[in-house]
$ cat query.cif   # mmCIF, N, CA and C atoms
data_structure
loop_
_atom_site.group_PDB
_atom_site.id
_atom_site.type_symbol
_atom_site.label_atom_id
_atom_site.label_comp_id
_atom_site.auth_asym_id
_atom_site.auth_seq_id
_atom_site.Cartn_x
_atom_site.Cartn_y
_atom_site.Cartn_z
ATOM 1 N N MET B 125 0.828 -1.194 0.000
ATOM 2 C CA MET B 125 0.000 0.000 0.000
ATOM 3 C C MET B 125 0.868 1.251 0.000
ATOM 4 N N THR B 126 0.351 2.281 -0.614
ATOM 5 C CA THR B 126 1.053 3.550 -0.635
ATOM 6 C C THR B 126 0.528 4.441 0.487
ATOM 7 N N VAL B 127 1.273 5.489 0.770
ATOM 8 C CA VAL B 127 0.832 6.454 1.781
ATOM 9 C C VAL B 127 -0.501 7.060 1.354
ATOM 10 N N GLU B 128 -0.631 7.384 0.077
ATOM 11 C CA GLU B 128 -1.877 7.982 -0.400
ATOM 12 C C GLU B 128 -3.061 7.038 -0.195
ATOM 13 N N THR B 129 -2.856 5.757 -0.462
ATOM 14 C CA THR B 129 -3.923 4.770 -0.252
ATOM 15 C C THR B 129 -4.314 4.704 1.216
ATOM 16 N N ASP B 130 -3.320 4.712 2.090
ATOM 17 C CA ASP B 130 -3.597 4.702 3.534
ATOM 18 C C ASP B 130 -4.359 5.955 3.960
ATOM 19 N N VAL B 131 -3.922 7.109 3.463
ATOM 20 C CA VAL B 131 -4.586 8.369 3.809
ATOM 21 C C VAL B 131 -6.030 8.350 3.312
ATOM 22 N N LEU B 132 -6.242 7.870 2.096
ATOM 23 C CA LEU B 132 -7.606 7.756 1.564
ATOM 24 C C LEU B 132 -8.470 6.864 2.442
ATOM 25 N N ARG B 133 -7.925 5.739 2.858
ATOM 26 C CA ARG B 133 -8.670 4.809 3.710
ATOM 27 C C ARG B 133 -9.036 5.454 5.038
ATOM 28 N N ILE B 134 -8.090 6.179 5.616
ATOM 29 C CA ILE B 134 -8.343 6.859 6.892
ATOM 30 C C ILE B 134 -9.390 7.944 6.723
ATOM 31 N N LEU B 135 -9.274 8.750 5.661
ATOM 32 C CA LEU B 135 -10.275 9.792 5.407
ATOM 33 C C LEU B 135 -11.654 9.179 5.228
ATOM 34 N N ASP B 136 -11.738 8.131 4.443
ATOM 35 C CA ASP B 136 -13.017 7.484 4.186
ATOM 36 C C ASP B 136 -13.638 6.955 5.479
ATOM 37 N N SER B 137 -12.805 6.376 6.325
ATOM 38 C CA SER B 137 -13.292 5.809 7.581
ATOM 39 C C SER B 137 -13.707 6.886 8.575
ATOM 40 N N VAL B 138 -12.815 7.829 8.845
ATOM 41 C CA VAL B 138 -13.087 8.863 9.853
ATOM 42 C C VAL B 138 -14.266 9.743 9.450
ATOM 43 N N LEU B 139 -14.357 10.058 8.158
ATOM 44 C CA LEU B 139 -15.419 10.944 7.689
ATOM 45 C C LEU B 139 -16.692 10.193 7.308
ATOM 46 N N SER B 140 -16.681 8.872 7.464
ATOM 47 C CA SER B 140 -17.842 8.033 7.115
ATOM 48 C C SER B 140 -18.335 8.309 5.692
ATOM 49 N N LEU B 141 -17.402 8.250 4.753
ATOM 50 C CA LEU B 141 -17.722 8.556 3.360
ATOM 51 C C LEU B 141 -18.248 7.350 2.581
ATOM 52 N N HIS B 142 -18.168 6.183 3.160
ATOM 53 C CA HIS B 142 -18.706 4.962 2.550
ATOM 54 C C HIS B 142 -18.193 4.737 1.130
ATOM 55 N N GLY B 143 -16.885 4.893 0.950
ATOM 56 C CA GLY B 143 -16.264 4.619 -0.337
ATOM 57 C C GLY B 143 -16.163 5.800 -1.279
ATOM 58 N N ARG B 144 -16.703 6.937 -0.918
ATOM 59 C CA ARG B 144 -16.660 8.114 -1.807
ATOM 60 C C ARG B 144 -15.238 8.592 -2.090
ATOM 61 N N ALA B 145 -14.305 8.300 -1.212
ATOM 62 C CA ALA B 145 -12.937 8.793 -1.372
ATOM 63 C C ALA B 145 -12.121 7.989 -2.382
ATOM 64 N N VAL B 146 -12.616 6.861 -2.799
ATOM 65 C CA VAL B 146 -11.855 5.952 -3.657
ATOM 66 C C VAL B 146 -11.329 6.629 -4.926
ATOM 67 N N GLY B 147 -12.111 7.427 -5.577
ATOM 68 C CA GLY B 147 -11.700 8.034 -6.836
ATOM 69 C C GLY B 147 -10.986 9.367 -6.720
ATOM 70 N N TRP B 148 -10.696 9.799 -5.521
ATOM 71 C CA TRP B 148 -10.061 11.096 -5.334
ATOM 72 C C TRP B 148 -8.641 11.107 -5.886
ATOM 73 N N GLN B 149 -8.222 12.273 -6.360
ATOM 74 C CA GLN B 149 -6.878 12.498 -6.888
ATOM 75 C C GLN B 149 -6.113 13.420 -5.942
ATOM 76 N N ARG B 150 -4.818 13.597 -6.206
ATOM 77 C CA ARG B 150 -3.983 14.455 -5.353
ATOM 78 C C ARG B 150 -4.534 15.871 -5.225
ATOM 79 N N ASN B 151 -5.174 16.375 -6.284
ATOM 80 C CA ASN B 151 -5.665 17.755 -6.247
ATOM 81 C C ASN B 151 -7.094 17.874 -5.719
ATOM 82 N N THR B 152 -7.666 16.774 -5.221
ATOM 83 C CA THR B 152 -9.014 16.834 -4.653
ATOM 84 C C THR B 152 -8.992 17.701 -3.394
ATOM 85 N N PRO B 153 -9.798 18.770 -3.372
ATOM 86 C CA PRO B 153 -9.821 19.638 -2.193
ATOM 87 C C PRO B 153 -10.474 18.949 -1.001
ATOM 88 N N LEU B 154 -9.956 19.235 0.173
ATOM 89 C CA LEU B 154 -10.487 18.644 1.409
ATOM 90 C C LEU B 154 -11.113 19.729 2.288
ATOM 91 N N LEU B 155 -10.285 20.466 3.011
ATOM 92 C CA LEU B 155 -10.781 21.458 3.967
ATOM 93 C C LEU B 155 -11.551 22.557 3.241
ATOM 94 N N GLY B 156 -12.773 22.761 3.656
ATOM 95 C CA GLY B 156 -13.629 23.749 3.032
ATOM 96 C C GLY B 156 -14.476 23.191 1.903
ATOM 97 N N ALA B 157 -14.127 22.002 1.418
ATOM 98 C CA ALA B 157 -14.870 21.389 0.317
ATOM 99 C C ALA B 157 -15.744 20.228 0.782
ATOM 100 N N LEU B 158 -15.409 19.666 1.923
ATOM 101 C CA LEU B 158 -16.156 18.532 2.462
ATOM 102 C C LEU B 158 -16.887 18.946 3.730
ATOM 103 N N PRO B 159 -18.206 18.908 3.724
ATOM 104 C CA PRO B 159 -18.934 19.284 4.941
ATOM 105 C C PRO B 159 -18.610 18.366 6.119
ATOM 106 N N GLU B 160 -18.197 17.140 5.819
ATOM 107 C CA GLU B 160 -17.864 16.190 6.884
ATOM 108 C C GLU B 160 -16.561 16.551 7.592
ATOM 109 N N LEU B 161 -15.717 17.353 6.940
ATOM 110 C CA LEU B 161 -14.395 17.666 7.487
ATOM 111 C C LEU B 161 -14.465 18.933 8.341
ATOM 112 N N ASP B 162 -14.929 18.749 9.574
ATOM 113 C CA ASP B 162 -14.970 19.847 10.534
ATOM 114 C C ASP B 162 -13.811 19.686 11.516
ATOM 115 N N SER B 163 -13.760 20.548 12.518
ATOM 116 C CA SER B 163 -12.628 20.523 13.447
ATOM 117 C C SER B 163 -12.519 19.206 14.212
ATOM 118 N N MET B 164 -13.637 18.612 14.567
ATOM 119 C CA MET B 164 -13.598 17.322 15.267
ATOM 120 C C MET B 164 -13.093 16.223 14.337
ATOM 121 N N ALA B 165 -13.478 16.283 13.072
ATOM 122 C CA ALA B 165 -13.012 15.296 12.104
ATOM 123 C C ALA B 165 -11.507 15.429 11.876
ATOM 124 N N VAL B 166 -11.000 16.664 11.855
ATOM 125 C CA VAL B 166 -9.562 16.879 11.705
ATOM 126 C C VAL B 166 -8.822 16.194 12.857
ATOM 127 N N LEU B 167 -9.323 16.366 14.066
ATOM 128 C CA LEU B 167 -8.703 15.705 15.224
ATOM 129 C C LEU B 167 -8.756 14.187 15.080
ATOM 130 N N GLY B 168 -9.871 13.669 14.590
ATOM 131 C CA GLY B 168 -10.004 12.231 14.377
ATOM 132 C C GLY B 168 -9.029 11.715 13.333
ATOM 133 N N ILE B 169 -8.827 12.485 12.282
ATOM 134 C CA ILE B 169 -7.880 12.095 11.230
ATOM 135 C C ILE B 169 -6.461 12.107 11.780
ATOM 136 N N ILE B 170 -6.111 13.146 12.510
ATOM 137 C CA ILE B 170 -4.772 13.219 13.103
ATOM 138 C C ILE B 170 -4.542 12.028 14.026
ATOM 139 N N THR B 171 -5.501 11.735 14.871
ATOM 140 C CA THR B 171 -5.378 10.591 15.788
ATOM 141 C C THR B 171 -5.235 9.284 15.012
ATOM 142 N N SER B 172 -6.023 9.111 13.985
ATOM 143 C CA SER B 172 -5.951 7.886 13.181
ATOM 144 C C SER B 172 -4.607 7.759 12.475
ATOM 145 N N LEU B 173 -4.088 8.867 11.959
ATOM 146 C CA LEU B 173 -2.768 8.840 11.321
ATOM 147 C C LEU B 173 -1.688 8.480 12.337
ATOM 148 N N GLU B 174 -1.767 9.073 13.527
ATOM 149 C CA GLU B 174 -0.792 8.760 14.579
ATOM 150 C C GLU B 174 -0.838 7.290 14.957
ATOM 151 N N GLU B 175 -2.026 6.748 15.093
ATOM 152 C CA GLU B 175 -2.163 5.335 15.461
ATOM 153 C C GLU B 175 -1.692 4.416 14.340
ATOM 154 N N HIS B 176 -2.059 4.734 13.114
ATOM 155 C CA HIS B 176 -1.704 3.882 11.978
ATOM 156 C C HIS B 176 -0.192 3.852 11.746
ATOM 157 N N TYR B 177 0.436 5.023 11.821
ATOM 158 C CA TYR B 177 1.859 5.119 11.506
ATOM 159 C C TYR B 177 2.767 5.130 12.734
ATOM 160 N N ALA B 178 2.196 5.124 13.912
ATOM 161 C CA ALA B 178 2.970 5.120 15.157
ATOM 162 C C ALA B 178 3.941 6.309 15.222
ATOM 163 N N PHE B 179 3.438 7.477 14.849
ATOM 164 C CA PHE B 179 4.197 8.700 15.050
ATOM 165 C C PHE B 179 3.320 9.702 15.783
ATOM 166 N N VAL B 180 3.935 10.802 16.221
ATOM 167 C CA VAL B 180 3.207 11.841 16.944
ATOM 168 C C VAL B 180 3.222 13.105 16.096
ATOM 169 N N ILE B 181 2.059 13.715 15.947
ATOM 170 C CA ILE B 181 1.951 14.987 15.246
ATOM 171 C C ILE B 181 1.763 16.069 16.308
ATOM 172 N N HIS B 182 2.767 16.929 16.432
ATOM 173 C CA HIS B 182 2.701 18.010 17.408
ATOM 174 C C HIS B 182 1.902 19.180 16.837
ATOM 175 N N ASP B 183 1.272 19.935 17.710
ATOM 176 C CA ASP B 183 0.424 21.052 17.290
ATOM 177 C C ASP B 183 1.139 22.028 16.359
ATOM 178 N N ASP B 184 2.420 22.274 16.611
ATOM 179 C CA ASP B 184 3.145 23.253 15.804
ATOM 180 C C ASP B 184 3.635 22.696 14.466
ATOM 181 N N GLU B 185 3.384 21.414 14.214
ATOM 182 C CA GLU B 185 3.806 20.792 12.956
ATOM 183 C C GLU B 185 2.741 20.863 11.866
ATOM 184 N N ILE B 186 1.525 21.123 12.237
ATOM 185 C CA ILE B 186 0.439 21.005 11.273
ATOM 186 C C ILE B 186 -0.466 22.229 11.329
ATOM 187 N N ASP B 187 -0.937 22.603 10.155
ATOM 188 C CA ASP B 187 -1.916 23.683 10.075
ATOM 189 C C ASP B 187 -2.891 23.355 8.948
ATOM 190 N N SER B 188 -3.755 24.286 8.652
ATOM 191 C CA SER B 188 -4.810 24.013 7.680
ATOM 192 C C SER B 188 -4.281 23.709 6.285
ATOM 193 N N THR B 189 -3.076 24.171 5.950
ATOM 194 C CA THR B 189 -2.544 23.903 4.616
ATOM 195 C C THR B 189 -2.313 22.410 4.382
ATOM 196 N N ALA B 190 -2.051 21.668 5.438
ATOM 197 C CA ALA B 190 -1.874 20.217 5.295
ATOM 198 C C ALA B 190 -3.165 19.546 4.857
ATOM 199 N N PHE B 191 -4.294 20.148 5.199
ATOM 200 C CA PHE B 191 -5.598 19.574 4.859
ATOM 201 C C PHE B 191 -6.229 20.230 3.631
ATOM 202 N N ALA B 192 -5.453 20.986 2.866
ATOM 203 C CA ALA B 192 -5.994 21.676 1.694
ATOM 204 C C ALA B 192 -6.458 20.690 0.618
ATOM 205 N N THR B 193 -5.620 19.699 0.323
ATOM 206 C CA THR B 193 -5.947 18.708 -0.703
ATOM 207 C C THR B 193 -5.486 17.328 -0.242
ATOM 208 N N LEU B 194 -5.900 16.322 -0.958
ATOM 209 C CA LEU B 194 -5.409 14.973 -0.665
ATOM 210 C C LEU B 194 -3.896 14.934 -0.816
ATOM 211 N N GLY B 195 -3.377 15.601 -1.819
ATOM 212 C CA GLY B 195 -1.933 15.619 -2.045
ATOM 213 C C GLY B 195 -1.171 16.284 -0.920
ATOM 214 N N SER B 196 -1.679 17.401 -0.418
ATOM 215 C CA SER B 196 -0.972 18.091 0.671
ATOM 216 C C SER B 196 -0.981 17.263 1.945
ATOM 217 N N LEU B 197 -2.077 16.562 2.203
ATOM 218 C CA LEU B 197 -2.127 15.702 3.394
ATOM 219 C C LEU B 197 -1.208 14.497 3.221
ATOM 220 N N THR B 198 -1.198 13.912 2.038
ATOM 221 C CA THR B 198 -0.306 12.786 1.752
ATOM 222 C C THR B 198 1.152 13.214 1.877
ATOM 223 N N ASP B 199 1.482 14.398 1.357
ATOM 224 C CA ASP B 199 2.854 14.907 1.450
ATOM 225 C C ASP B 199 3.251 15.147 2.900
ATOM 226 N N PHE B 200 2.321 15.664 3.704
ATOM 227 C CA PHE B 200 2.607 15.878 5.118
ATOM 228 C C PHE B 200 2.941 14.554 5.803
ATOM 229 N N VAL B 201 2.125 13.525 5.554
ATOM 230 C CA VAL B 201 2.342 12.209 6.167
ATOM 231 C C VAL B 201 3.678 11.631 5.676
ATOM 232 N N SER B 202 3.951 11.743 4.392
ATOM 233 C CA SER B 202 5.221 11.223 3.842
ATOM 234 C C SER B 202 6.413 11.903 4.492
ATOM 235 N N ALA B 203 6.313 13.211 4.703
ATOM 236 C CA ALA B 203 7.408 13.945 5.361
ATOM 237 C C ALA B 203 7.591 13.478 6.799
ATOM 238 N N LYS B 204 6.488 13.224 7.503
ATOM 239 C CA LYS B 204 6.571 12.707 8.881
ATOM 240 C C LYS B 204 7.252 11.349 8.902
ATOM 241 N N LEU B 205 6.941 10.517 7.923
ATOM 242 C CA LEU B 205 7.538 9.177 7.865
ATOM 243 C C LEU B 205 9.038 9.253 7.562
ATOM 244 N N ALA B 206 9.454 10.291 6.855
ATOM 245 C CA ALA B 206 10.863 10.445 6.493
ATOM 246 C C ALA B 206 11.700 11.004 7.641
ATOM 247 N N ASP B 207 11.040 11.578 8.654
ATOM 248 C CA ASP B 207 11.763 12.145 9.806
ATOM 249 C C ASP B 207 12.501 11.075 10.574
#

$ encode --input "query.cif" --output "structure tokens"
Amino acid sequence: MTVETDVLRILDSVLSLHGRAVGWQRNTPLLGALPELDSMAVLGIITSLEEHYAFVIHDDEIDSTAFATLGSLTDFVSAKLAD
């Protein structure tokens, strides 16, 4: 599995999209485009990413730009994995 596939699976699960995320591309907008993606959902996604990848995301490491698109979130996770 790729990081993008994992991120898609987590988004689909946390946001209860029931498979809607399957066809998303790197440029698919997230924050502001999905009514399901509110502040509580962002926390759920962060927690799920931390649990899945066994890393910690500190408050000062992430901001809304990471959630702009599927690609930006995937890139953020990839960078965390490279640390």

$ atom_distance --input "query.cif" --atom1 "CA of Thr129 (chain B)" --atom2 "atom C of Gly156 (chain B)"
21.3 Å

$ residues_near_point --input "query.cif" --point "(-5.2, 16.3, -5.0)" --cutoff "7 Å" --atoms "all atoms listed in the file" --output "list in words"
Trp148, Gln149, Arg150, Asn151, Thr152, Pro153, Thr193, Leu194, Gly195 and Ser196 of chain B

$ residues_around --input "query.cif" --residues "Glu128 (chain B)" --least-positions-apart "6" --cutoff "8 Å" --atoms "all atoms listed in the file" --output "number ranges by chain"
B: 134, 194-195, 197-199, 202

$ closest_residue --input "query.cif" --among "B:Ser172, B:Phe179, B:Gly147, B:His142" --to "Lys204 (chain B)" --atoms "all atoms listed in the file"
B:Phe179

$ atom_distance --input "query.cif" --atom1 "CA of Val138 (chain B)" --atom2 "CA of Gly168 (chain B)"
6.4 Å

$ closest_residue --input "query.cif" --among "B:His182, B:Leu139, B:Leu155, B:Ala192" --to "Ile169 (chain B)" --atoms "all atoms listed in the file"
B:Leu139

$ residues_near_point --input "query.cif" --point "(8.6, 9.5, 8.1)" --cutoff "12 Å" --atoms "only C-alpha atoms" --output "list in words"
Val127, Leu173, Glu174, Tyr177, Ala178, Phe179, Val180, Ile181, Thr198, Asp199, Phe200, Val201, Ser202, Ala203, Lys204, Leu205, Ala206 and Asp207 of chain B

$ atom_distance --input "query.cif" --atom1 "atom N of Asp184 (chain B)" --atom2 "CA of Thr171 (chain B)"
14.1 Å

$ select_by_dssp --input "query.cif" --residues "chain B" --states "helix (DSSP H, G or I)" --output "CSV table (one decimal) with N, CA and C atoms, keeping the file's coordinate frame"
chain,number,residue,atom,x,y,z
B,127,VAL,N,1.3,5.5,0.8
B,127,VAL,CA,0.8,6.5,1.8
B,127,VAL,C,-0.5,7.1,1.4
B,128,GLU,N,-0.6,7.4,0.1
B,128,GLU,CA,-1.9,8.0,-0.4
B,128,GLU,C,-3.1,7.0,-0.2
B,129,THR,N,-2.9,5.8,-0.5
B,129,THR,CA,-3.9,4.8,-0.3
B,129,THR,C,-4.3,4.7,1.2
B,130,ASP,N,-3.3,4.7,2.1
B,130,ASP,CA,-3.6,4.7,3.5
B,130,ASP,C,-4.4,6.0,4.0
B,131,VAL,N,-3.9,7.1,3.5
B,131,VAL,CA,-4.6,8.4,3.8
B,131,VAL,C,-6.0,8.4,3.3
B,132,LEU,N,-6.2,7.9,2.1
B,132,LEU,CA,-7.6,7.8,1.6
B,132,LEU,C,-8.5,6.9,2.4
B,133,ARG,N,-7.9,5.7,2.9
B,133,ARG,CA,-8.7,4.8,3.7
B,133,ARG,C,-9.0,5.5,5.0
B,134,ILE,N,-8.1,6.2,5.6
B,134,ILE,CA,-8.3,6.9,6.9
B,134,ILE,C,-9.4,7.9,6.7
B,135,LEU,N,-9.3,8.8,5.7
B,135,LEU,CA,-10.3,9.8,5.4
B,135,LEU,C,-11.7,9.2,5.2
B,136,ASP,N,-11.7,8.1,4.4
B,136,ASP,CA,-13.0,7.5,4.2
B,136,ASP,C,-13.6,7.0,5.5
B,137,SER,N,-12.8,6.4,6.3
B,137,SER,CA,-13.3,5.8,7.6
B,137,SER,C,-13.7,6.9,8.6
B,138,VAL,N,-12.8,7.8,8.8
B,138,VAL,CA,-13.1,8.9,9.9
B,138,VAL,C,-14.3,9.7,9.4
B,144,ARG,N,-16.7,6.9,-0.9
B,144,ARG,CA,-16.7,8.1,-1.8
B,144,ARG,C,-15.2,8.6,-2.1
B,145,ALA,N,-14.3,8.3,-1.2
B,145,ALA,CA,-12.9,8.8,-1.4
B,145,ALA,C,-12.1,8.0,-2.4
B,146,VAL,N,-12.6,6.9,-2.8
B,146,VAL,CA,-11.9,6.0,-3.7
B,146,VAL,C,-11.3,6.6,-4.9
B,147,GLY,N,-12.1,7.4,-5.6
B,147,GLY,CA,-11.7,8.0,-6.8
B,147,GLY,C,-11.0,9.4,-6.7
B,163,SER,N,-13.8,20.5,12.5
B,163,SER,CA,-12.6,20.5,13.4
B,163,SER,C,-12.5,19.2,14.2
B,164,MET,N,-13.6,18.6,14.6
B,164,MET,CA,-13.6,17.3,15.3
B,164,MET,C,-13.1,16.2,14.3
B,165,ALA,N,-13.5,16.3,13.1
B,165,ALA,CA,-13.0,15.3,12.1
B,165,ALA,C,-11.5,15.4,11.9
B,166,VAL,N,-11.0,16.7,11.9
B,166,VAL,CA,-9.6,16.9,11.7
B,166,VAL,C,-8.8,16.2,12.9
B,167,LEU,N,-9.3,16.4,14.1
B,167,LEU,CA,-8.7,15.7,15.2
B,167,LEU,C,-8.8,14.2,15.1
B,168,GLY,N,-9.9,13.7,14.6
B,168,GLY,CA,-10.0,12.2,14.4
B,168,GLY,C,-9.0,11.7,13.3
B,169,ILE,N,-8.8,12.5,12.3
B,169,ILE,CA,-7.9,12.1,11.2
B,169,ILE,C,-6.5,12.1,11.8
B,170,ILE,N,-6.1,13.1,12.5
B,170,ILE,CA,-4.8,13.2,13.1
B,170,ILE,C,-4.5,12.0,14.0
B,171,THR,N,-5.5,11.7,14.9
B,171,THR,CA,-5.4,10.6,15.8
B,171,THR,C,-5.2,9.3,15.0
B,172,SER,N,-6.0,9.1,14.0
B,172,SER,CA,-6.0,7.9,13.2
B,172,SER,C,-4.6,7.8,12.5
B,173,LEU,N,-4.1,8.9,12.0
B,173,LEU,CA,-2.8,8.8,11.3
B,173,LEU,C,-1.7,8.5,12.3
B,174,GLU,N,-1.8,9.1,13.5
B,174,GLU,CA,-0.8,8.8,14.6
B,174,GLU,C,-0.8,7.3,15.0
B,175,GLU,N,-2.0,6.7,15.1
B,175,GLU,CA,-2.2,5.3,15.5
B,175,GLU,C,-1.7,4.4,14.3
B,176,HIS,N,-2.1,4.7,13.1
B,176,HIS,CA,-1.7,3.9,12.0
B,176,HIS,C,-0.2,3.9,11.7
B,177,TYR,N,0.4,5.0,11.8
B,177,TYR,CA,1.9,5.1,11.5
B,177,TYR,C,2.8,5.1,12.7
B,183,ASP,N,1.3,19.9,17.7
B,183,ASP,CA,0.4,21.1,17.3
B,183,ASP,C,1.1,22.0,16.4
B,184,ASP,N,2.4,22.3,16.6
B,184,ASP,CA,3.1,23.3,15.8
B,184,ASP,C,3.6,22.7,14.5
B,185,GLU,N,3.4,21.4,14.2
B,185,GLU,CA,3.8,20.8,13.0
B,185,GLU,C,2.7,20.9,11.9
B,188,SER,N,-3.8,24.3,8.7
B,188,SER,CA,-4.8,24.0,7.7
B,188,SER,C,-4.3,23.7,6.3
B,189,THR,N,-3.1,24.2,6.0
B,189,THR,CA,-2.5,23.9,4.6
B,189,THR,C,-2.3,22.4,4.4
B,190,ALA,N,-2.1,21.7,5.4
B,190,ALA,CA,-1.9,20.2,5.3
B,190,ALA,C,-3.2,19.5,4.9
B,191,PHE,N,-4.3,20.1,5.2
B,191,PHE,CA,-5.6,19.6,4.9
B,191,PHE,C,-6.2,20.2,3.6
B,194,LEU,N,-5.9,16.3,-1.0
B,194,LEU,CA,-5.4,15.0,-0.7
B,194,LEU,C,-3.9,14.9,-0.8
B,195,GLY,N,-3.4,15.6,-1.8
B,195,GLY,CA,-1.9,15.6,-2.0
B,195,GLY,C,-1.2,16.3,-0.9
B,196,SER,N,-1.7,17.4,-0.4
B,196,SER,CA,-1.0,18.1,0.7
B,196,SER,C,-1.0,17.3,1.9
B,197,LEU,N,-2.1,16.6,2.2
B,197,LEU,CA,-2.1,15.7,3.4
B,197,LEU,C,-1.2,14.5,3.2
B,198,THR,N,-1.2,13.9,2.0
B,198,THR,CA,-0.3,12.8,1.8
B,198,THR,C,1.2,13.2,1.9
B,199,ASP,N,1.5,14.4,1.4
B,199,ASP,CA,2.9,14.9,1.4
B,199,ASP,C,3.3,15.1,2.9
B,200,PHE,N,2.3,15.7,3.7
B,200,PHE,CA,2.6,15.9,5.1
B,200,PHE,C,2.9,14.6,5.8
B,201,VAL,N,2.1,13.5,5.6
B,201,VAL,CA,2.3,12.2,6.2
B,201,VAL,C,3.7,11.6,5.7
B,202,SER,N,4.0,11.7,4.4
B,202,SER,CA,5.2,11.2,3.8
B,202,SER,C,6.4,11.9,4.5
B,203,ALA,N,6.3,13.2,4.7
B,203,ALA,CA,7.4,13.9,5.4
B,203,ALA,C,7.6,13.5,6.8
B,204,LYS,N,6.5,13.2,7.5
B,204,LYS,CA,6.6,12.7,8.9
B,204,LYS,C,7.3,11.3,8.9
B,205,LEU,N,6.9,10.5,7.9
B,205,LEU,CA,7.5,9.2,7.9
B,205,LEU,C,9.0,9.3,7.6
B,206,ALA,N,9.5,10.3,6.9
B,206,ALA,CA,10.9,10.4,6.5
B,206,ALA,C,11.7,11.0,7.6

$ closest_residue --input "query.cif" --among "B:Leu135, B:Ile170, B:Met125, B:Ile186" --to "Leu154 (chain B)" --atoms "only C-alpha atoms"
B:Leu135

$ axis_aligned_box --input "query.cif" --around "region 135-154 of chain B" --padding-each-side "6 Å" --output "JSON"
{"center_x": -11.3, "center_y": 12.2, "center_z": 1.5, "size_x": 26.7, "size_y": 27.1, "size_z": 28.7}

$ decode --input "query.cif" --residues "region 143-154 of chain B" --atoms "N, CA, C and O atoms" --output "PDB file, in the first residue's frame"
ATOM      1  N   GLY B 143     -16.885   4.893   0.950  1.00  0.00           N
ATOM      2  CA  GLY B 143     -16.264   4.619  -0.337  1.00  0.00           C
ATOM      3  C   GLY B 143     -16.163   5.800  -1.279  1.00  0.00           C
ATOM      4  O   GLY B 143     -15.579   5.676  -2.356  1.00  0.00           O
ATOM      5  N   ARG B 144     -16.703   6.937  -0.918  1.00  0.00           N
ATOM      6  CA  ARG B 144     -16.660   8.114  -1.807  1.00  0.00           C
ATOM      7  C   ARG B 144     -15.238   8.592  -2.090  1.00  0.00           C
ATOM      8  O   ARG B 144     -14.990   9.209  -3.124  1.00  0.00           O
ATOM      9  N   ALA B 145     -14.305   8.300  -1.212  1.00  0.00           N
ATOM     10  CA  ALA B 145     -12.937   8.793  -1.372  1.00  0.00           C
ATOM     11  C   ALA B 145     -12.121   7.989  -2.382  1.00  0.00           C
ATOM     12  O   ALA B 145     -11.056   8.421  -2.798  1.00  0.00           O
ATOM     13  N   VAL B 146     -12.616   6.861  -2.799  1.00  0.00           N
ATOM     14  CA  VAL B 146     -11.855   5.952  -3.657  1.00  0.00           C
ATOM     15  C   VAL B 146     -11.329   6.629  -4.926  1.00  0.00           C
ATOM     16  O   VAL B 146     -10.187   6.436  -5.306  1.00  0.00           O
ATOM     17  N   GLY B 147     -12.111   7.427  -5.577  1.00  0.00           N
ATOM     18  CA  GLY B 147     -11.700   8.034  -6.836  1.00  0.00           C
ATOM     19  C   GLY B 147     -10.986   9.367  -6.720  1.00  0.00           C
ATOM     20  O   GLY B 147     -10.709  10.010  -7.725  1.00  0.00           O
ATOM     21  N   TRP B 148     -10.696   9.799  -5.521  1.00  0.00           N
ATOM     22  CA  TRP B 148     -10.061  11.096  -5.334  1.00  0.00           C
ATOM     23  C   TRP B 148      -8.641  11.107  -5.886  1.00  0.00           C
ATOM     24  O   TRP B 148      -7.931  10.103  -5.850  1.00  0.00           O
ATOM     25  N   GLN B 149      -8.222  12.273  -6.360  1.00  0.00           N
ATOM     26  CA  GLN B 149      -6.878  12.498  -6.888  1.00  0.00           C
ATOM     27  C   GLN B 149      -6.113  13.420  -5.942  1.00  0.00           C
ATOM     28  O   GLN B 149      -6.696  14.009  -5.031  1.00  0.00           O
ATOM     29  N   ARG B 150      -4.818  13.597  -6.206  1.00  0.00           N
ATOM     30  CA  ARG B 150      -3.983  14.455  -5.353  1.00  0.00           C
ATOM     31  C   ARG B 150      -4.534  15.871  -5.225  1.00  0.00           C
ATOM     32  O   ARG B 150      -4.401  16.503  -4.198  1.00  0.00           O
ATOM     33  N   ASN B 151      -5.174  16.375  -6.284  1.00  0.00           N
ATOM     34  CA  ASN B 151      -5.665  17.755  -6.247  1.00  0.00           C
ATOM     35  C   ASN B 151      -7.094  17.874  -5.719  1.00  0.00           C
ATOM     36  O   ASN B 151      -7.669  18.963  -5.729  1.00  0.00           O
ATOM     37  N   THR B 152      -7.666  16.774  -5.221  1.00  0.00           N
ATOM     38  CA  THR B 152      -9.014  16.834  -4.653  1.00  0.00           C
ATOM     39  C   THR B 152      -8.992  17.701  -3.394  1.00  0.00           C
ATOM     40  O   THR B 152      -8.241  17.431  -2.460  1.00  0.00           O
ATOM     41  N   PRO B 153      -9.798  18.770  -3.372  1.00  0.00           N
ATOM     42  CA  PRO B 153      -9.821  19.638  -2.193  1.00  0.00           C
ATOM     43  C   PRO B 153     -10.474  18.949  -1.001  1.00  0.00           C
ATOM     44  O   PRO B 153     -11.422  18.190  -1.150  1.00  0.00           O
ATOM     45  N   LEU B 154      -9.956  19.235   0.173  1.00  0.00           N
ATOM     46  CA  LEU B 154     -10.487  18.644   1.409  1.00  0.00           C
ATOM     47  C   LEU B 154     -11.113  19.729   2.288  1.00  0.00           C
ATOM     48  O   LEU B 154     -12.321  19.903   2.304  1.00  0.00           O
TER      49      LEU B 154
END
